[in-house]
$ cat structure.csv   # CSV, C-alpha atoms
chain,number,residue,atom,x,y,z
A,1,MET,CA,0.0,0.0,0.0
A,2,ARG,CA,2.9,2.4,0.8
A,3,ASP,CA,4.4,2.0,-2.7
A,4,TYR,CA,1.0,2.5,-4.3
A,5,PHE,CA,0.5,5.7,-2.4
A,6,TRP,CA,4.0,6.9,-3.2
A,7,ILE,CA,3.5,6.4,-6.9
A,8,ARG,CA,0.2,8.2,-6.8
A,9,ASN,CA,1.5,11.2,-5.0
A,10,VAL,CA,4.3,11.6,-7.5
A,11,GLN,CA,2.3,11.2,-10.6
A,12,ASP,CA,-1.0,12.6,-9.6
A,13,MET,CA,-2.8,15.3,-11.6
A,14,ARG,CA,-0.1,15.5,-14.3
A,15,MET,CA,-1.0,14.7,-17.8
A,16,ALA,CA,1.3,12.3,-19.7
A,17,GLU,CA,3.6,13.7,-22.3
A,18,GLY,CA,1.2,11.9,-24.6
A,19,VAL,CA,-1.2,14.8,-24.6
A,20,GLU,CA,1.5,17.2,-25.7
A,21,TRP,CA,2.7,14.8,-28.3
A,22,ALA,CA,-0.8,14.2,-29.6
A,23,LEU,CA,-1.7,17.9,-29.8
A,24,HIS,CA,1.5,18.7,-31.7
A,25,SER,CA,0.9,15.7,-34.0
A,26,CYS,CA,-2.6,16.8,-34.8
A,27,LEU,CA,-1.3,20.3,-35.6
A,28,ASN,CA,1.4,18.9,-37.9
A,29,LEU,CA,-1.0,16.5,-39.6
A,30,SER,CA,-3.3,19.4,-40.3
A,31,TRP,CA,-0.5,21.0,-42.3
A,32,ALA,CA,0.6,17.9,-44.1
A,33,ASP,CA,-0.5,17.4,-47.7
A,34,ARG,CA,-0.2,13.6,-47.7
A,35,PRO,CA,-0.2,10.7,-45.1
A,36,VAL,CA,2.7,10.9,-42.7
A,37,PRO,CA,4.2,7.7,-41.2
A,38,ALA,CA,4.5,7.6,-37.4
A,39,ALA,CA,8.2,7.4,-37.7
A,40,ARG,CA,8.3,10.6,-39.6
A,41,LEU,CA,6.0,12.4,-37.2
A,42,ALA,CA,8.2,11.1,-34.3
A,43,ALA,CA,11.4,12.2,-36.0
A,44,PHE,CA,10.1,15.8,-36.2
A,45,PHE,CA,10.3,16.1,-32.4
A,46,GLY,CA,12.9,13.4,-31.8
A,47,LEU,CA,10.3,11.3,-30.0
A,48,PRO,CA,10.5,7.5,-29.6
A,49,ALA,CA,8.3,6.3,-32.5
A,50,PRO,CA,6.7,3.3,-30.7
A,51,TYR,CA,5.4,5.6,-27.9
A,52,LEU,CA,4.2,8.2,-30.3
A,53,ASN,CA,2.5,5.5,-32.3
A,54,LYS,CA,0.6,4.5,-29.2
A,55,GLN,CA,-0.8,8.0,-28.9
A,56,LEU,CA,-1.6,8.0,-32.6
A,57,GLN,CA,-3.5,4.8,-32.3
A,58,ALA,CA,-5.5,6.3,-29.4
A,59,LEU,CA,-6.3,9.3,-31.7
A,60,ALA,CA,-7.4,6.9,-34.4
A,61,ARG,CA,-9.7,5.0,-32.0
A,62,ALA,CA,-11.3,8.4,-31.3
A,63,GLY,CA,-11.8,9.1,-35.0
A,64,ILE,CA,-9.4,12.1,-34.9
A,65,VAL,CA,-6.8,10.6,-37.2
A,66,SER,CA,-6.8,7.7,-39.6
A,67,SER,CA,-4.0,5.6,-40.9
A,68,ALA,CA,-3.4,3.9,-44.2
A,69,PRO,CA,-1.0,1.0,-44.7
A,70,GLY,CA,1.6,0.7,-47.4
A,71,PRO,CA,4.7,2.5,-48.6
A,72,ARG,CA,2.7,5.7,-49.3
A,73,GLY,CA,0.6,5.2,-46.2
A,74,GLY,CA,0.7,7.0,-42.8
A,75,PHE,CA,-1.5,9.1,-40.6
A,76,ARG,CA,-3.8,11.9,-41.7
A,77,LEU,CA,-6.1,14.1,-39.8
A,78,GLU,CA,-9.5,12.5,-40.2
A,79,ARG,CA,-11.6,15.5,-39.4
A,80,ALA,CA,-11.4,19.2,-40.4
A,81,PRO,CA,-9.2,21.2,-38.1
A,82,GLU,CA,-12.3,23.1,-37.0
A,83,GLN,CA,-13.8,19.8,-35.8
A,84,VAL,CA,-11.0,18.8,-33.5
A,85,THR,CA,-11.0,20.4,-30.1
A,86,LEU,CA,-8.3,20.3,-27.5
A,87,LEU,CA,-10.9,18.4,-25.3
A,88,ASP,CA,-11.2,15.7,-28.1
A,89,VAL,CA,-7.5,15.1,-28.0
A,90,VAL,CA,-7.2,15.2,-24.1
A,91,VAL,CA,-10.1,12.7,-23.8
A,92,ALA,CA,-8.7,10.5,-26.5
A,93,ILE,CA,-5.4,10.2,-24.7
A,94,GLU,CA,-6.4,10.5,-21.0
A,95,GLY,CA,-9.9,9.1,-21.1
A,96,ARG,CA,-13.1,10.6,-19.7
A,97,GLU,CA,-12.5,10.0,-16.0
A,98,PRO,CA,-12.4,13.3,-14.1
A,99,ALA,CA,-9.1,14.5,-12.6
A,100,PHE,CA,-10.9,14.7,-9.2
A,101,ARG,CA,-12.3,11.3,-8.5
A,102,CYS,CA,-14.8,11.3,-5.7
A,103,THR,CA,-14.4,8.0,-3.8
A,104,GLU,CA,-17.5,8.8,-1.7
A,105,ILE,CA,-15.7,8.6,1.7
A,106,LEU,CA,-18.9,10.0,3.2
A,107,HIS,CA,-20.3,6.4,2.9
A,108,ALA,CA,-17.9,5.4,5.7
A,109,SER,CA,-18.8,8.3,8.0
A,110,PRO,CA,-20.9,7.8,11.1
A,111,PHE,CA,-23.8,9.7,9.4
A,112,GLY,CA,-23.3,8.3,5.9
A,113,ASP,CA,-26.4,7.3,3.9
A,114,PRO,CA,-25.7,3.9,2.3
A,115,ALA,CA,-28.2,4.8,-0.5
A,116,ALA,CA,-26.8,8.2,-1.2
A,117,ASP,CA,-24.9,9.0,-4.4
A,118,TYR,CA,-22.2,11.2,-3.0
A,119,VAL,CA,-20.6,11.8,-6.4
A,120,THR,CA,-23.5,14.0,-7.2
A,121,GLY,CA,-24.7,14.7,-3.6
A,122,CYS,CA,-21.5,15.7,-1.8
A,123,VAL,CA,-20.9,19.4,-1.8
A,124,ILE,CA,-17.1,18.9,-2.2
A,125,SER,CA,-17.6,16.5,-5.2
A,126,ARG,CA,-19.9,19.0,-6.8
A,127,ALA,CA,-17.6,22.0,-6.3
A,128,MET,CA,-14.6,20.0,-7.7
A,129,SER,CA,-16.7,18.9,-10.7
A,130,GLY,CA,-17.8,22.4,-11.3
A,131,ALA,CA,-14.2,23.6,-11.6
A,132,GLU,CA,-13.3,20.8,-13.9
A,133,LEU,CA,-16.3,21.7,-16.1
A,134,ALA,CA,-14.8,25.1,-16.5
A,135,TRP,CA,-11.5,23.5,-17.6
A,136,ARG,CA,-13.3,21.2,-20.1
A,137,ARG,CA,-15.3,24.1,-21.5
A,138,GLU,CA,-12.1,26.0,-22.3
A,139,LEU,CA,-10.6,22.9,-23.9
A,140,ALA,CA,-13.8,22.4,-25.9
A,141,ALA,CA,-13.8,26.0,-27.1
A,142,THR,CA,-10.4,25.7,-28.8
A,143,THR,CA,-9.8,23.8,-32.0
A,144,VAL,CA,-6.9,22.7,-34.1
A,145,ALA,CA,-8.0,25.5,-36.5
A,146,ASP,CA,-7.5,28.0,-33.7
A,147,LEU,CA,-4.0,26.7,-33.1
A,148,ARG,CA,-3.3,27.0,-36.8
A,149,ALA,CA,-4.4,30.6,-36.8
A,150,ASP,CA,-2.3,31.3,-33.8
A,151,VAL,CA,0.8,29.8,-35.4
A,152,ALA,CA,0.1,31.6,-38.7
A,153,GLY,CA,0.1,34.9,-36.8
A,154,GLN,CA,3.0,34.2,-34.5
A,155,TYR,CA,5.3,32.1,-36.6
A,156,PRO,CA,4.7,32.9,-40.3
A,157,GLY,CA,6.1,30.3,-42.7
A,158,SER,CA,6.1,27.6,-40.0
A,159,ALA,CA,3.2,25.7,-41.5
A,160,GLU,CA,4.8,25.6,-44.9
A,161,ARG,CA,8.2,24.6,-43.6
A,162,THR,CA,6.6,21.8,-41.6
A,163,ARG,CA,4.6,20.6,-44.5
A,164,GLU,CA,7.7,20.3,-46.7
A,165,TRP,CA,9.7,18.6,-44.0
A,166,LEU,CA,7.0,16.0,-43.3
A,167,ALA,CA,6.7,15.2,-47.1
A,168,GLN,CA,10.5,14.6,-47.5
A,169,ALA,CA,11.7,11.1,-48.1
A,170,ARG,CA,13.0,9.6,-44.9
A,171,ALA,CA,16.8,9.6,-44.4
B,1,MET,CA,11.4,3.2,-19.8
B,2,ARG,CA,8.4,1.0,-20.6
B,3,ASP,CA,7.4,0.7,-16.9
B,4,TYR,CA,7.8,4.4,-16.4
B,5,PHE,CA,5.4,5.1,-19.2
B,6,TRP,CA,3.0,2.5,-18.1
B,7,ILE,CA,2.8,4.1,-14.6
B,8,ARG,CA,2.3,7.5,-16.0
B,9,ASN,CA,-0.5,6.4,-18.3
B,10,VAL,CA,-2.4,4.8,-15.5
B,11,GLN,CA,-2.0,7.6,-13.0
B,12,ASP,CA,-2.0,10.7,-15.1
B,13,MET,CA,-4.2,13.5,-14.6
B,14,ARG,CA,-6.0,12.0,-11.6
B,15,MET,CA,-5.7,13.7,-8.2
B,16,ALA,CA,-4.8,11.5,-5.3
B,17,GLU,CA,-7.5,10.7,-2.8
B,18,GLY,CA,-5.4,13.0,-0.6
B,19,VAL,CA,-7.3,16.0,-2.1
B,20,GLU,CA,-10.6,14.5,-1.2
B,21,TRP,CA,-9.5,13.6,2.3
B,22,ALA,CA,-7.9,17.0,2.9
B,23,LEU,CA,-11.1,18.9,1.7
B,24,HIS,CA,-13.3,16.8,3.9
B,25,SER,CA,-10.9,17.2,6.8
B,26,CYS,CA,-10.9,21.0,6.4
B,27,LEU,CA,-14.7,21.1,6.4
B,28,ASN,CA,-14.9,18.8,9.5
B,29,LEU,CA,-12.3,20.9,11.3
B,30,SER,CA,-14.3,24.1,10.5
B,31,TRP,CA,-17.1,22.6,12.5
B,32,ALA,CA,-15.0,21.3,15.4
B,33,ASP,CA,-15.0,23.3,18.6
B,34,ARG,CA,-11.7,21.9,19.8
B,35,PRO,CA,-8.5,20.4,18.3
B,36,VAL,CA,-9.1,17.0,16.7
B,37,PRO,CA,-6.4,14.3,16.7
B,38,ALA,CA,-5.5,12.9,13.2
B,39,ALA,CA,-6.7,9.5,14.4
B,40,ARG,CA,-10.1,10.9,15.2
B,41,LEU,CA,-10.4,12.7,11.9
B,42,ALA,CA,-9.3,9.5,10.1
B,43,ALA,CA,-11.8,7.4,12.1
B,44,PHE,CA,-14.7,9.6,10.9
B,45,PHE,CA,-14.2,8.3,7.3
B,46,GLY,CA,-12.6,5.0,8.1
B,47,LEU,CA,-9.3,6.3,6.6
B,48,PRO,CA,-5.8,5.0,7.5
B,49,ALA,CA,-4.6,7.5,10.0
B,50,PRO,CA,-0.9,7.6,8.9
B,51,TYR,CA,-1.9,8.5,5.4
B,52,LEU,CA,-4.4,11.1,6.5
B,53,ASN,CA,-1.8,12.5,8.8
B,54,LYS,CA,0.5,13.0,5.8
B,55,GLN,CA,-2.2,15.1,4.1
B,56,LEU,CA,-2.7,17.1,7.4
B,57,GLN,CA,1.0,17.8,7.6
B,58,ALA,CA,0.9,19.1,4.1
B,59,LEU,CA,-2.1,21.4,5.0
B,60,ALA,CA,-0.1,22.5,8.1
B,61,ARG,CA,2.9,23.4,5.9
B,62,ALA,CA,0.6,25.5,3.8
B,63,GLY,CA,-0.7,27.3,6.9
B,64,ILE,CA,-4.3,26.0,6.4
B,65,VAL,CA,-4.3,23.9,9.6
B,66,SER,CA,-2.2,23.9,12.7
B,67,SER,CA,-1.5,21.1,15.2
B,68,ALA,CA,-0.9,21.2,18.9
B,69,PRO,CA,0.7,18.3,20.8
B,70,GLY,CA,-0.4,16.7,24.0
B,71,PRO,CA,-3.5,14.7,25.3
B,72,ARG,CA,-5.8,17.7,24.4
B,73,GLY,CA,-3.9,18.4,21.2
B,74,GLY,CA,-4.8,17.8,17.6
B,75,PHE,CA,-5.5,19.7,14.4
B,76,ARG,CA,-7.5,22.9,14.0
B,77,LEU,CA,-8.3,25.1,11.1
B,78,GLU,CA,-5.7,27.8,11.2
B,79,ARG,CA,-7.6,30.3,9.1
B,80,ALA,CA,-11.2,31.4,8.9
B,81,PRO,CA,-13.3,29.2,6.6
B,82,GLU,CA,-13.7,32.3,4.3
B,83,GLN,CA,-10.0,32.4,3.9
B,84,VAL,CA,-9.5,28.8,2.8
B,85,THR,CA,-10.2,28.2,-0.9
B,86,LEU,CA,-10.4,24.9,-2.7
B,87,LEU,CA,-7.3,26.0,-4.7
B,88,ASP,CA,-5.4,26.5,-1.4
B,89,VAL,CA,-6.1,22.9,-0.5
B,90,VAL,CA,-5.4,21.4,-3.9
B,91,VAL,CA,-2.1,23.3,-4.1
B,92,ALA,CA,-1.1,22.2,-0.6
B,93,ILE,CA,-1.7,18.6,-1.5
B,94,GLU,CA,-0.7,18.4,-5.2
B,95,GLY,CA,1.8,21.3,-5.5
B,96,ARG,CA,1.8,24.1,-7.9
B,97,GLU,CA,3.0,22.3,-11.0
B,98,PRO,CA,0.4,22.5,-13.8
B,99,ALA,CA,-1.5,19.4,-14.9
B,100,PHE,CA,-0.4,20.0,-18.4
B,101,ARG,CA,3.4,20.2,-18.3
B,102,CYS,CA,4.9,21.5,-21.5
B,103,THR,CA,8.2,19.7,-22.1
B,104,GLU,CA,9.0,22.0,-25.0
B,105,ILE,CA,9.3,19.3,-27.6
B,106,LEU,CA,9.5,22.1,-30.2
B,107,HIS,CA,13.2,22.5,-29.1
B,108,ALA,CA,13.9,19.2,-30.8
B,109,SER,CA,12.1,20.1,-34.0
B,110,PRO,CA,14.0,20.9,-37.2
B,111,PHE,CA,12.9,24.5,-36.9
B,112,GLY,CA,13.2,24.8,-33.1
B,113,ASP,CA,14.7,27.9,-31.7
B,114,PRO,CA,17.2,27.0,-29.0
B,115,ALA,CA,16.7,30.3,-27.3
B,116,ALA,CA,12.9,30.2,-27.3
B,117,ASP,CA,10.8,29.7,-24.2
B,118,TYR,CA,8.1,27.4,-25.6
B,119,VAL,CA,6.3,27.1,-22.2
B,120,THR,CA,5.1,30.6,-22.9
B,121,GLY,CA,5.7,30.8,-26.6
B,122,CYS,CA,4.1,27.6,-27.9
B,123,VAL,CA,0.5,28.1,-28.9
B,124,ILE,CA,-0.4,24.6,-27.6
B,125,SER,CA,1.2,25.3,-24.2
B,126,ARG,CA,-0.6,28.6,-24.0
B,127,ALA,CA,-4.0,27.1,-24.9
B,128,MET,CA,-3.6,24.3,-22.3
B,129,SER,CA,-2.5,26.8,-19.7
B,130,GLY,CA,-5.5,29.0,-20.4
B,131,ALA,CA,-7.8,26.1,-19.8
B,132,GLU,CA,-6.1,25.3,-16.5
B,133,LEU,CA,-6.4,28.9,-15.4
B,134,ALA,CA,-10.1,28.6,-15.8
B,135,TRP,CA,-10.0,25.6,-13.5
B,136,ARG,CA,-7.9,27.4,-10.9
B,137,ARG,CA,-10.1,30.4,-11.0
B,138,GLU,CA,-13.1,28.3,-10.2
B,139,LEU,CA,-11.3,26.6,-7.3
B,140,ALA,CA,-10.1,29.9,-6.0
B,141,ALA,CA,-13.6,31.3,-6.1
B,142,THR,CA,-15.0,28.6,-3.7
B,143,THR,CA,-14.1,28.6,0.0
B,144,VAL,CA,-14.6,26.3,2.9
B,145,ALA,CA,-17.2,28.8,4.1
B,146,ASP,CA,-19.1,28.2,0.8
B,147,LEU,CA,-19.0,24.4,1.4
B,148,ARG,CA,-20.4,25.0,5.0
B,149,ALA,CA,-23.2,27.0,3.6
B,150,ASP,CA,-24.0,24.3,1.0
B,151,VAL,CA,-24.1,21.6,3.7
B,152,ALA,CA,-26.2,23.8,6.0
B,153,GLY,CA,-28.8,24.1,3.2
B,154,GLN,CA,-28.6,20.6,2.0
B,155,TYR,CA,-27.9,18.5,5.1
B,156,PRO,CA,-29.3,20.4,8.1
B,157,GLY,CA,-27.9,19.2,11.4
B,158,SER,CA,-24.9,17.6,9.8
B,159,ALA,CA,-22.5,20.3,11.1
B,160,GLU,CA,-23.7,19.8,14.7
B,161,ARG,CA,-23.7,16.0,14.5
B,162,THR,CA,-20.1,16.1,13.2
B,163,ARG,CA,-19.0,18.5,15.8
B,164,GLU,CA,-20.3,16.3,18.6
B,165,TRP,CA,-18.8,13.2,17.1
B,166,LEU,CA,-15.4,14.7,16.7
B,167,ALA,CA,-15.4,15.9,20.3
B,168,GLN,CA,-16.3,12.5,21.7
B,169,ALA,CA,-13.7,10.6,23.6
B,170,ARG,CA,-12.0,8.0,21.5
B,171,ALA,CA,-13.2,4.4,21.9
$ encode --input "structure.csv" --output "structure tokens"
Amino acid sequence: MRDYFWIRNVQDMRMAEGVEWALHSCLNLSWADRPVPAARLAAFFGLPAPYLNKQLQALARAGIVSSAPGPRGGFRLERAPEQVTLLDVVVAIEGREPAFRCTEILHASPFGDPAADYVTGCVISRAMSGAELAWRRELAATTVADLRADVAGQYPGSAERTREWLAQARA
Amino acid sequence: MRDYFWIRNVQDMRMAEGVEWALHSCLNLSWADRPVPAARLAAFFGLPAPYLNKQLQALARAGIVSSAPGPRGGFRLERAPEQVTLLDVVVAIEGREPAFRCTEILHASPFGDPAADYVTGCVISRAMSGAELAWRRELAATTVADLRADVAGQYPGSAERTREWLAQARA
């Protein structure tokens, strides 16, 4: 039990690098003019291809990207950039479980109601859920198209350079 | 490296039960009319006292609770309930590091600027930080006093019953 707690305390509440990798991959794929192999996407950021591939598969299961086999195959963005929100990507990688997980400790209290649903009934659970809803709303309000517009304004030429690099034959 | 990734993927983005325990403890302490030993606070929810004590110590380091030694000692809320926000408690337990941690993978990209600060410069990092700010604002806008008012409205008598139970001599 001690080890279990120690691990939780170290890791808690931090997203995996997978979210960062997946968001950057979606943005890069939105600029690509042809399917991009996972190895090429990974090479762009110097990431380990098998681990990035794991994130890409999660994005594929969520219908955000799709992949085609073969020498000209690879990943492409399956939906329009306007149709991919940050929340879509976070949920694809991290799942739908909330960051604050009410374990209903009130059930064990001297005045706990065995029939109560404290996930929705406990004032603490509700307050924490409300805050998380604000976070999800923000994530849902930003799309890959918004990221593209931000990059176009802040780093002109970046989209074109990335498109060309991703299309190059692999070394 | 594989084990490391596996652990991260399982644990990521979930807060420890410590946050739930700490919030409930702060609420209970706000109702108590005398210092409450960690063991008594733990017994209320059937929690393991040493682990709850760890959370209480974190709250003490943050100045949210204080503890006095001795047979009549125990923990008390150090600040007024109006002065303890949900964000105070979350930060005391989980730390200040954001849930989305930008690892600046753009530095490794073919067009990365070695001098750039991508934590603030990357459009993805900024969008994720903006969403997290919305979450923190919500947490900062709710205090233990708000939780008390919610309980008073929804579960009348709960505060009084809890106060009496916490004051009882231990079995």
$ residues_around --input "structure.csv" --residues "Leu41 in chain B" --least-positions-apart "4" --cutoff "9 Å" --atoms "all atoms listed in the file" --output "list in words"
Ser25, Asn28, Leu29, Val36, Pro37, Phe45, Gly46, Leu47, Ala49, Leu52, Phe75 and Leu166 of chain B
$ interface_residues --input "structure.csv" --of "chain B" --to "chain A" --cutoff "7 Å" --atoms "all atoms listed in the file" --output "PyMOL selection string"
chain B and resi 8-9+11-16+20+44-46+99-100+102+105-106+108-110+123-124+131-132+134-135+138-139+147+150-151
$ atom_distance --input "structure.csv" --atom1 "CA of Pro69 in chain A" --atom2 "CA of Arg163 in chain A"
20.4 Å
$ atom_distance --input "structure.csv" --atom1 "CA of Ala159 in chain A" --atom2 "CA of Ser30 in chain A"
9.1 Å
$ residues_around --input "structure.csv" --residues "Gln57 in chain B" --least-positions-apart "2" --cutoff "12 Å" --atoms "all atoms listed in the file" --output "PyMOL selection string"
chain B and resi 18+22+25+38+49-55+59-68+74-76+89+92-93
$ atom_distance --input "structure.csv" --atom1 "CA of Ala39 in chain A" --atom2 "CA of Glu164 in chain A"
15.7 Å
$ decode --input "structure.csv" --residues "range 13-23 of chain B" --atoms "all heavy atoms" --output "PDB file, in the first residue's frame"
ATOM      1  N   MET B  13      -3.143  12.581 -14.557  1.00  0.00           N
ATOM      2  CA  MET B  13      -4.248  13.530 -14.561  1.00  0.00           C
ATOM      3  C   MET B  13      -5.282  13.226 -13.493  1.00  0.00           C
ATOM      4  O   MET B  13      -6.300  13.883 -13.437  1.00  0.00           O
ATOM      5  CB  MET B  13      -4.938  13.551 -15.928  1.00  0.00           C
ATOM      6  CG  MET B  13      -5.188  14.944 -16.413  1.00  0.00           C
ATOM      7  SD  MET B  13      -6.161  14.940 -17.927  1.00  0.00           S
ATOM      8  CE  MET B  13      -7.823  14.722 -17.311  1.00  0.00           C
ATOM      9  N   ARG B  14      -5.033  12.245 -12.648  1.00  0.00           N
ATOM     10  CA  ARG B  14      -5.974  11.986 -11.569  1.00  0.00           C
ATOM     11  C   ARG B  14      -5.371  12.524 -10.288  1.00  0.00           C
ATOM     12  O   ARG B  14      -4.206  12.282  -9.999  1.00  0.00           O
ATOM     13  CB  ARG B  14      -6.216  10.481 -11.397  1.00  0.00           C
ATOM     14  CG  ARG B  14      -6.483   9.759 -12.700  1.00  0.00           C
ATOM     15  CD  ARG B  14      -7.884   9.926 -13.234  1.00  0.00           C
ATOM     16  NE  ARG B  14      -7.938   9.431 -14.601  1.00  0.00           N
ATOM     17  CZ  ARG B  14      -8.100  10.210 -15.672  1.00  0.00           C
ATOM     18  NH1 ARG B  14      -8.265  11.505 -15.538  1.00  0.00           N
ATOM     19  NH2 ARG B  14      -8.105   9.696 -16.882  1.00  0.00           N
ATOM     20  N   MET B  15      -6.175  13.216  -9.533  1.00  0.00           N
ATOM     21  CA  MET B  15      -5.690  13.659  -8.242  1.00  0.00           C
ATOM     22  C   MET B  15      -5.684  12.501  -7.269  1.00  0.00           C
ATOM     23  O   MET B  15      -6.478  11.572  -7.366  1.00  0.00           O
ATOM     24  CB  MET B  15      -6.612  14.737  -7.697  1.00  0.00           C
ATOM     25  CG  MET B  15      -6.328  16.082  -8.306  1.00  0.00           C
ATOM     26  SD  MET B  15      -7.381  17.338  -7.589  1.00  0.00           S
ATOM     27  CE  MET B  15      -8.281  17.774  -9.053  1.00  0.00           C
ATOM     28  N   ALA B  16      -4.786  12.564  -6.305  1.00  0.00           N
ATOM     29  CA  ALA B  16      -4.762  11.548  -5.257  1.00  0.00           C
ATOM     30  C   ALA B  16      -6.021  11.674  -4.415  1.00  0.00           C
ATOM     31  O   ALA B  16      -6.651  12.735  -4.352  1.00  0.00           O
ATOM     32  CB  ALA B  16      -3.538  11.744  -4.375  1.00  0.00           C
ATOM     33  N   GLU B  17      -6.392  10.566  -3.767  1.00  0.00           N
ATOM     34  CA  GLU B  17      -7.452  10.656  -2.777  1.00  0.00           C
ATOM     35  C   GLU B  17      -7.117  11.722  -1.732  1.00  0.00           C
ATOM     36  O   GLU B  17      -8.007  12.225  -1.055  1.00  0.00           O
ATOM     37  CB  GLU B  17      -7.648   9.318  -2.044  1.00  0.00           C
ATOM     38  CG  GLU B  17      -8.333   8.260  -2.858  1.00  0.00           C
ATOM     39  CD  GLU B  17      -7.341   7.372  -3.583  1.00  0.00           C
ATOM     40  OE1 GLU B  17      -6.190   7.805  -3.768  1.00  0.00           O
ATOM     41  OE2 GLU B  17      -7.726   6.259  -3.973  1.00  0.00           O
ATOM     42  N   GLY B  18      -5.833  12.046  -1.588  1.00  0.00           N
ATOM     43  CA  GLY B  18      -5.411  13.037  -0.595  1.00  0.00           C
ATOM     44  C   GLY B  18      -6.179  14.337  -0.699  1.00  0.00           C
ATOM     45  O   GLY B  18      -6.479  14.974   0.317  1.00  0.00           O
ATOM     46  N   VAL B  19      -6.514  14.767  -1.912  1.00  0.00           N
ATOM     47  CA  VAL B  19      -7.260  16.016  -2.072  1.00  0.00           C
ATOM     48  C   VAL B  19      -8.662  15.860  -1.474  1.00  0.00           C
ATOM     49  O   VAL B  19      -9.136  16.738  -0.749  1.00  0.00           O
ATOM     50  CB  VAL B  19      -7.334  16.425  -3.560  1.00  0.00           C
ATOM     51  CG1 VAL B  19      -8.293  17.593  -3.755  1.00  0.00           C
ATOM     52  CG2 VAL B  19      -5.954  16.781  -4.074  1.00  0.00           C
ATOM     53  N   GLU B  20      -9.300  14.745  -1.788  1.00  0.00           N
ATOM     54  CA  GLU B  20     -10.640  14.498  -1.235  1.00  0.00           C
ATOM     55  C   GLU B  20     -10.580  14.447   0.298  1.00  0.00           C
ATOM     56  O   GLU B  20     -11.379  15.076   0.987  1.00  0.00           O
ATOM     57  CB  GLU B  20     -11.171  13.164  -1.789  1.00  0.00           C
ATOM     58  CG  GLU B  20     -12.595  12.830  -1.373  1.00  0.00           C
ATOM     59  CD  GLU B  20     -13.027  11.443  -1.875  1.00  0.00           C
ATOM     60  OE1 GLU B  20     -12.147  10.648  -2.275  1.00  0.00           O
ATOM     61  OE2 GLU B  20     -14.229  11.157  -1.830  1.00  0.00           O
ATOM     62  N   TRP B  21      -9.603  13.714   0.816  1.00  0.00           N
ATOM     63  CA  TRP B  21      -9.470  13.592   2.265  1.00  0.00           C
ATOM     64  C   TRP B  21      -9.207  14.954   2.905  1.00  0.00           C
ATOM     65  O   TRP B  21      -9.768  15.270   3.961  1.00  0.00           O
ATOM     66  CB  TRP B  21      -8.310  12.656   2.622  1.00  0.00           C
ATOM     67  CG  TRP B  21      -8.439  11.259   2.103  1.00  0.00           C
ATOM     68  CD1 TRP B  21      -9.451  10.743   1.340  1.00  0.00           C
ATOM     69  CD2 TRP B  21      -7.515  10.197   2.304  1.00  0.00           C
ATOM     70  NE1 TRP B  21      -9.204   9.434   1.056  1.00  0.00           N
ATOM     71  CE2 TRP B  21      -8.025   9.062   1.630  1.00  0.00           C
ATOM     72  CE3 TRP B  21      -6.305  10.095   2.977  1.00  0.00           C
ATOM     73  CZ2 TRP B  21      -7.355   7.837   1.623  1.00  0.00           C
ATOM     74  CZ3 TRP B  21      -5.636   8.872   2.977  1.00  0.00           C
ATOM     75  CH2 TRP B  21      -6.161   7.767   2.305  1.00  0.00           C
ATOM     76  N   ALA B  22      -8.331  15.725   2.290  1.00  0.00           N
ATOM     77  CA  ALA B  22      -7.946  17.018   2.862  1.00  0.00           C
ATOM     78  C   ALA B  22      -9.122  17.988   2.859  1.00  0.00           C
ATOM     79  O   ALA B  22      -9.336  18.726   3.829  1.00  0.00           O
ATOM     80  CB  ALA B  22      -6.761  17.598   2.083  1.00  0.00           C
ATOM     81  N   LEU B  23      -9.901  17.985   1.783  1.00  0.00           N
ATOM     82  CA  LEU B  23     -11.051  18.886   1.718  1.00  0.00           C
ATOM     83  C   LEU B  23     -12.078  18.515   2.790  1.00  0.00           C
ATOM     84  O   LEU B  23     -12.598  19.388   3.489  1.00  0.00           O
ATOM     85  CB  LEU B  23     -11.685  18.834   0.325  1.00  0.00           C
ATOM     86  CG  LEU B  23     -10.888  19.531  -0.786  1.00  0.00           C
ATOM     87  CD1 LEU B  23     -11.439  19.158  -2.165  1.00  0.00           C
ATOM     88  CD2 LEU B  23     -10.917  21.046  -0.612  1.00  0.00           C
TER      89      LEU B  23
END
